[in-house]
Amino acid sequence: MSETAEPNVGTFTLGASPAAEPTTGTTVPEHEEWPLPHGFAWVFPGEGNSGGIRRPVIMADGFNLGRSELDKLYLGLEGGAFPFVSELRRRGRDVILLGFEERSASILVNAETVMAAVMRAGAEQLGDARLVVGGFSMGGIVTRYALAKLELQRMDHRVGLYFSYDSPHRGASIPVGVQAFSYFIPFPNDFAKQMNSPAARQMLWRHYDKDTGKIGVAPERTEFLAELERLGNWPRIPRLLGIANGRGDGIGLPEVKPGEVALRVDEIYPGTTFYTQAQGDDVTVAYLNRKFPKADKTITTSGFPELDGAPGGTLHTYKILADTLQKLGGTVDLRHEEVCFVPSVSAVAIRDVEKQADLYAKVDSLSPDESELDDFILSSTTTPHTGITEELCTWLLDRLPD
């Protein structure tokens, strides 16, 4: 280890697209590639649809840093618990996977990719079947914005159904202590770049500002929500469906109790400790310490609900961080590998995440009319963010328009 600086542990990023350890023999089949503004698409024809697109399903990639890796997205959709792409194609659906040149760019920029893909699919389509358009995580927000903008521009997008798969309609949660740690690393690093990116600042419910040290709603989020409202918040023509990887019975991660140690580090960044989010004022969520250059900092929150253990799609936030620290010589005491990333209420656009009672609401017992969506499903068990399961995918498949 350098005697002038702690090691650069910010070499990782937090991915928010479907991912799976591919099963033996799972490969990406031949496909056409479309170049698009700020992005690209891979086109997989449905069974029996030779000679052109007939029943297109456009699915947008989620949040990360850098260019979309559609091979990994394909394997995440196909190589896990349920072969989603194969099932779509078997039913005669043309699958169009949509990627972005920079996944962390502004949602408004990446919406241009979606708009171009929708218009090209409509122009090349044979027949008059309505399009299906949606996305995973951020992809569901980008497509929501893009379709609403096309409607405001009076463009005929011909989309009959929109879906979002564990998309943060009310915002996503990355522990603010973890956000702060990305900037505490004494080197420029990918994790800090990701946390401070336009898309992160637009989607995170609360953001840690690296310049002021303040925790709040990022200006970019305020501006994005205002722009979305200007467009009418949602597209009006298609049917709106939402899928949540979290449960709907108010149960999240009961083992993740508020105010507990989630991760403690020694050897490098010695004594650095992250705590699970608790309610109250001046609540310590992280103590950050480094030897070279010497510095320490305590991160506190006020007025937060118990986000980390809330019902929702989960992310292995602390495991990813712990694994990176270990590889660089640290010893870790990891007590909670995963925490809530997209709360259930956020994924199905019902109530909000700010109040404890709403965050932990038993959505299954609420009137569906409270949601801004036309229909939605929540997972029967807590599953990873954007996790592809038979339960969730068959629900969507059965609701695709004829």
# chains A, B, ... in the order shown; residues from 1 in each chain; ligands from 1
>>> closest_atom_pairs(of="segment 140-225 of chain A", to="segment 289-308 of chain A", cutoff="10 Å", atoms="only C-alpha atoms", output="CSV")
residue,atom,partner,partner_atom,distance
A:Ala172,CA,A:Leu307,CA,9.9
A:Ser173,CA,A:Leu307,CA,7.3
A:Ile174,CA,A:Asp308,CA,8.6
A:Pro175,CA,A:Asp308,CA,7.5
A:Val176,CA,A:Ile299,CA,7.9
A:Gly177,CA,A:Ile299,CA,6.1
A:Val178,CA,A:Ile299,CA,9.7
A:Ala180,CA,A:Ile299,CA,7.7
A:Phe181,CA,A:Asn289,CA,9.5
A:Phe184,CA,A:Arg290,CA,8.5
A:Ile185,CA,A:Arg290,CA,8.5
A:Pro186,CA,A:Pro293,CA,7.6
A:Arg206,CA,A:Phe304,CA,9.5
A:Tyr208,CA,A:Ile299,CA,9.7
A:Gly213,CA,A:Ile299,CA,8.8
A:Lys214,CA,A:Thr301,CA,9.6
A:Ile215,CA,A:Thr301,CA,7.5
A:Gly216,CA,A:Thr301,CA,9.7
>>> select_by_dssp(residues="segment 65-290 of chain A", states="strand (DSSP E)", output="JSON, numbers by chain")
{"A": [94, 95, 96, 97, 98, 99, 100, 131, 132, 133, 134, 135, 136, 159, 160, 161, 162, 163, 164, 165, 207, 208, 215, 216, 239, 240, 241, 242, 243, 244, 261, 262, 263, 264, 265, 266, 273, 274, 275, 283, 284, 285, 286, 287, 288, 289, 290]}
>>> residues_around(residues="segment 31-39 of chain A", least_positions_apart="4", cutoff="8 Å", atoms="only C-alpha atoms", output="PyMOL selection string")
chain A and resi 43-45+98-102+109-110+112-113+116-117
>>> closest_residue(among="A:Gly246, A:Gly51, A:Pro198, A:Pro219", to="Pro168 of chain A", atoms="only C-alpha atoms")
A:Gly246
>>> closest_atom_pairs(of="segment 308-328 of chain A", to="segment 386-396 of chain A", cutoff="10 Å", atoms="only C-alpha atoms", output="tab-separated table")
residue	atom	partner	partner_atom	distance
A:Gly313	CA	A:Thr386	CA	7.2
A:Thr314	CA	A:Thr386	CA	8.8
A:Leu315	CA	A:Thr386	CA	9.5
>>> select_by_dssp(residues="segment 131-378 of chain A", states="alpha helix (DSSP H)", output="PyMOL selection string")
chain A and resi 138-152+176-184+190-195+198-203+219-230+317-327+344-347+356-359
>>> closest_residue(among="A:Val114, A:Ala347, A:Leu73, A:Leu231", to="Lys149 of chain A", atoms="only C-alpha atoms")
A:Leu231
>>> closest_residue(among="A:Val9, A:Leu253, A:Ala123, A:Met59", to="Gln326 of chain A", atoms="only C-alpha atoms")
A:Val9
>>> closest_residue(among="A:Trp234, A:Tyr318, A:Phe63, A:Tyr269", to="Gln179 of chain A", atoms="only C-alpha atoms")
A:Tyr318
>>> closest_residue(among="A:Leu204, A:Val265, A:Ala129, A:Leu65", to="Asp190 of chain A", atoms="only C-alpha atoms")
A:Leu65
>>> residues_around(residues="Arg264 of chain A", least_positions_apart="4", cutoff="12 Å", atoms="only C-alpha atoms", output="list of chain:residue names")
A:Glu260, A:Ile268, A:Tyr269, A:Pro270, A:Gly271, A:Thr272, A:Thr273, A:Phe274, A:Tyr275, A:Thr276, A:Val285, A:Ala286, A:Tyr287, A:Leu288, A:Asn289, A:Tyr318, A:Lys319, A:Leu321, A:Ala322, A:Leu325, A:Gln326, A:Gly330, A:Thr331, A:Val332, A:Asp333, A:Leu334, A:Arg335, A:His336, A:Glu337
>>> residues_around(residues="segment 220-230 of chain A", least_positions_apart="3", cutoff="7 Å", atoms="only C-alpha atoms", output="number ranges by chain")
A: 145, 201-203, 217, 233
>>> residues_around(residues="Leu126 of chain A", least_positions_apart="5", cutoff="10 Å", atoms="only C-alpha atoms", output="PyMOL selection string")
chain A and resi 49+51-55+121
>>> write_last_selection(atoms="C-alpha atoms", output="PDB file, in the first residue's frame")
ATOM      1  CA  ASN A  49     -41.422 -13.379 -38.522  1.00  0.00           C
ATOM      2  CA  GLY A  51     -38.664 -10.766 -43.749  1.00  0.00           C
ATOM      3  CA  GLY A  52     -39.352  -7.976 -41.280  1.00  0.00           C
ATOM      4  CA  ILE A  53     -40.545  -6.742 -37.913  1.00  0.00           C
ATOM      5  CA  ARG A  54     -44.150  -7.630 -37.110  1.00  0.00           C
ATOM      6  CA  ARG A  55     -44.774  -7.476 -33.346  1.00  0.00           C
ATOM      7  CA  ALA A 121     -39.596   0.159 -35.492  1.00  0.00           C
TER       8      ALA A 121
END
